[in-house]
Protein chains: 4
Amino acid sequence: MQQPTSRLEAFCDGVFAIAITLLILEIKVPLVEAINSEHTLAQAILHEWPSWFAFLLSFGTILIAWSNHHGVFKLARQTSPLFNFTNGFLLLTIVVLPYPTSVLAEFINTDSARTAVMFYCATIVLQNVAWTLLFHSMLNPRDLSKNEAARKVIMKTRVRCIYAFVVYCVINTLAYWFPITALCLMAALWVVWIVVGASISEEDIETI
Amino acid sequence: MQQPTSRLEAFCDGVFAIAITLLILEIKVPLVEAINSEHTLAQAILHEWPSWFAFLLSFGTILIAWSNHHGVFKLARQTSPLFNFTNGFLLLTIVVLPYPTSVLAEFINTDSARTAVMFYCATIVLQNVAWTLLFHSMLNPRDLSKNEAARKVIMKTRVRCIYAFVVYCVINTLAYWFPITALCLMAALWVVWIVVGASISEEDIETI
Amino acid sequence: MQQPTSRLEAFCDGVFAIAITLLILEIKVPLVEAINSEHTLAQAILHEWPSWFAFLLSFGTILIAWSNHHGVFKLARQTSPLFNFTNGFLLLTIVVLPYPTSVLAEFINTDSARTAVMFYCATIVLQNVAWTLLFHSMLNPRDLSKNEAARKVIMKTRVRCIYAFVVYCVINTLAYWFPITALCLMAALWVVWIVVGASISEEDIETI
Amino acid sequence: MQQPTSRLEAFCDGVFAIAITLLILEIKVPLVEAINSEHTLAQAILHEWPSWFAFLLSFGTILIAWSNHHGVFKLARQTSPLFNFTNGFLLLTIVVLPYPTSVLAEFINTDSARTAVMFYCATIVLQNVAWTLLFHSMLNPRDLSKNEAARKVIMKTRVRCIYAFVVYCVINTLAYWFPITALCLMAALWVVWIVVGASISEEDIETI
């Protein structure tokens, strides 16, 4: 028999897969007219480094988000209307990501770098809020967790999300003065989420 | 064994997931040349509010449509050729949505706001017609409902769709004089569809 | 247990779903600058009718192709390397479709209508060849059909595909003198494919 | 029961399916203004041959990659964190492909052909590295292979990937002097990968 969450997972997988693939469309191909012996194609491609940087940042963000999303569904026994909404809100923050990624790529080496970075970070903060709400909705109003072990993981992760919220807000404030440093810290936080994700999918919970 | 409807569901999920993700491509990234100390990046992003408004409206529409579509398939035991066609027509109204969304975003704060809103509402009316036909095709010419309880839900929802058709037509007429009010009413109707959707997926039907 | 063809089906479903959804991106949103009291938004949207016509034509083509593709997999017990290739070739003819659709939309009311229509028809002919090869590869070199009844359906459909090839070539030649008539005949052939598709999925074969 | 790798496969299938379908967006539709009796639509479409060439090259690359990816998952009993990362890296090299494809299409008949071809080949080399790491992560640190036969196939394929790396590097160096020849060799290597893929999915391993 199908799991009650399987079609929801298929839809979410589709959204994650498309969002991650659309990112490449944001990187502009150099124009033929712009290439000459002074400004070679190799230089033009290298000149696009902010686009590649932003692309990799968002690619990593979505890939880790997908992986953790996958882990979350292993903890759930069923869904509830509220869970569906918080999950929809999380998808919104994923679908939106190509836009701040483009803004970041376009403006990171201009005078508006600060605004671009803060806008990008704000999207990540919003995604963090979505995760927190998602975990919250797994315990309230109904307990959707698969078993006692899963419930403990959900509670622990919810607390971690709130800590992360504080950290992200600090980074976002920092971005006002040191945009590039803030971005690097943002990327460094991936490591934390990978570890959190790994703890979600620890095998003792997966005993379905 | 696979459900007879499972591959159809997978295809529809794909279409919904792509349509919802493509919406973000319609929001234009500000051009570097357009940004200066007079007109900052933050102002340029805020200036895109009609795009964000239209994006959120369509995101909500597709998400709720997907959720209810999901519910509909739980009521069906099998498919019929007519059901496949009405379902294809529903997918058409989903796939088309990014276009009126763009038109709305582009023209909502111009003199053509009225036409843009009426065009957008017309797409929603068309989607409403598609839903009505879908529910109709679940009872005619063959009864595809899973059981007696499912059949009652389908009949009730079909009637609700016809009521909704009247309401949407009134809103669309209203849009001629009060475009913004009509749009807000349109968004308010989401609440109704969420409730209808919840009634479709009531657990006493889901006893597969 | 999963069917041996299930992951291949999932991939194909993805390709069909994306190709059908990308079609909408080809329809251009009117520019704000082009709209004034002389040339209203409503006129500008109506002016895009060739795009809508081409969109609907290709939407129908892909939807019917997906539906029949679905039917084909019900006839197969397993896959072979040659089947994978012919299936890949069929996917190629689906993925390519948004391009001739755009060309058709762009040029149908210009002097180049003839070329645009013939180019579009040529893509459909190519797709027809792909279908013929697909059915052929289901019987050669290995017989992949599920049972005797399935084998007969495959043989019958292969013959029909060859008839259709002749018909499509005639239509394509006709397009040289009567492009619009040829397009309408092309759309009329949908009815034939729907009937063929229905015969593929007759329930006596589906006894899995 | 679902396989432990099934949702990962669904996500990857989505990414492959989208990447292969997005390729068509890179081929530019001729502009109406550029067409006149001197320069006909047919000529304009033929003039796009570099785009079609690059499109077919990348279509084949992604299709074969998907097919082999499919084969790889048949060899695996479970996943590990390292496997997830190397798989994510492989997806990155797939998602990125539309960009070098566009660059190739844009510059293959200009003075910058050499750079464009070398950039394209470099992406293929990167993909080759990703495959090597993927096979490596199936044996280290944990053995994820399904059975002894699968383990042998993985080891053999890993060695073949390393040979292929050397071959690709030679081709890429060759591209400095003979860009077109290098591209043709690149396409010729498809045959090798199809054979390798076929050996992965030999039926004696598929005894699930």
# chains A, B, ... in the order shown; residues from 1 in each chain; ligands from 1

call {"tool": "interface_residues", "arguments": {"of": "chain B", "to": "chain C", "cutoff": "9 Å", "atoms": "only C-alpha atoms", "output": "VMD selection string"}}
result
chain B and resid 1 to 2 7 to 8 10 to 16 18 to 19 22 81 84 88 92 94 to 100 102 to 103 106 to 107 110 to 112 115 to 116 119

call {"tool": "residues_around", "arguments": {"residues": "C:Leu126", "least_positions_apart": "4", "cutoff": "7 Å", "atoms": "only C-alpha atoms", "output": "list in words"}}
result
Thr93, Ala122 and Ala130 of chain C

call {"tool": "write_last_selection", "arguments": {"atoms": "all heavy atoms", "output": "PDB file, in the first residue's frame"}}
result
ATOM      1  N   THR C  93      11.528  13.936 -30.007  1.00  0.00           N
ATOM      2  CA  THR C  93      10.528  14.617 -30.842  1.00  0.00           C
ATOM      3  C   THR C  93       9.505  15.377 -29.994  1.00  0.00           C
ATOM      4  O   THR C  93       8.850  16.291 -30.486  1.00  0.00           O
ATOM      5  CB  THR C  93       9.783  13.628 -31.774  1.00  0.00           C
ATOM      6  OG1 THR C  93       9.030  12.724 -30.976  1.00  0.00           O
ATOM      7  CG2 THR C  93      10.750  12.844 -32.641  1.00  0.00           C
ATOM      8  N   ALA C 122       6.610  18.778 -40.370  1.00  0.00           N
ATOM      9  CA  ALA C 122       7.756  17.877 -40.453  1.00  0.00           C
ATOM     10  C   ALA C 122       8.089  17.300 -39.075  1.00  0.00           C
ATOM     11  O   ALA C 122       8.466  16.128 -38.944  1.00  0.00           O
ATOM     12  CB  ALA C 122       8.963  18.619 -41.022  1.00  0.00           C
ATOM     13  N   ALA C 130       9.003   8.114 -35.030  1.00  0.00           N
ATOM     14  CA  ALA C 130       9.448   7.636 -33.707  1.00  0.00           C
ATOM     15  C   ALA C 130       8.460   6.620 -33.134  1.00  0.00           C
ATOM     16  O   ALA C 130       8.862   5.595 -32.576  1.00  0.00           O
ATOM     17  CB  ALA C 130       9.605   8.818 -32.761  1.00  0.00           C
TER      18      ALA C 130
END

call {"tool": "atom_distance", "arguments": {"atom1": "atom CA of D:Ile180", "atom2": "atom CA of C:Leu91"}}
result
26.9 Å

call {"tool": "residues_around", "arguments": {"residues": "D:Asn172", "least_positions_apart": "2", "cutoff": "7 Å", "atoms": "only C-alpha atoms", "output": "list in words"}}
result
Met118, Cys121, Tyr168, Cys169, Val170, Leu174, Ala175 and Ala182 of chain D

call {"tool": "select_by_dssp", "arguments": {"residues": "stretch 92-156 of chain D", "states": "helix (DSSP H, G or I)", "output": "ChimeraX atom specification"}}
result
/D:92-96,98-107,113-137,148-156

call {"tool": "residues_around", "arguments": {"residues": "A:Leu90", "least_positions_apart": "6", "cutoff": "8 Å", "atoms": "only C-alpha atoms", "output": "count of residues only"}}
result
4
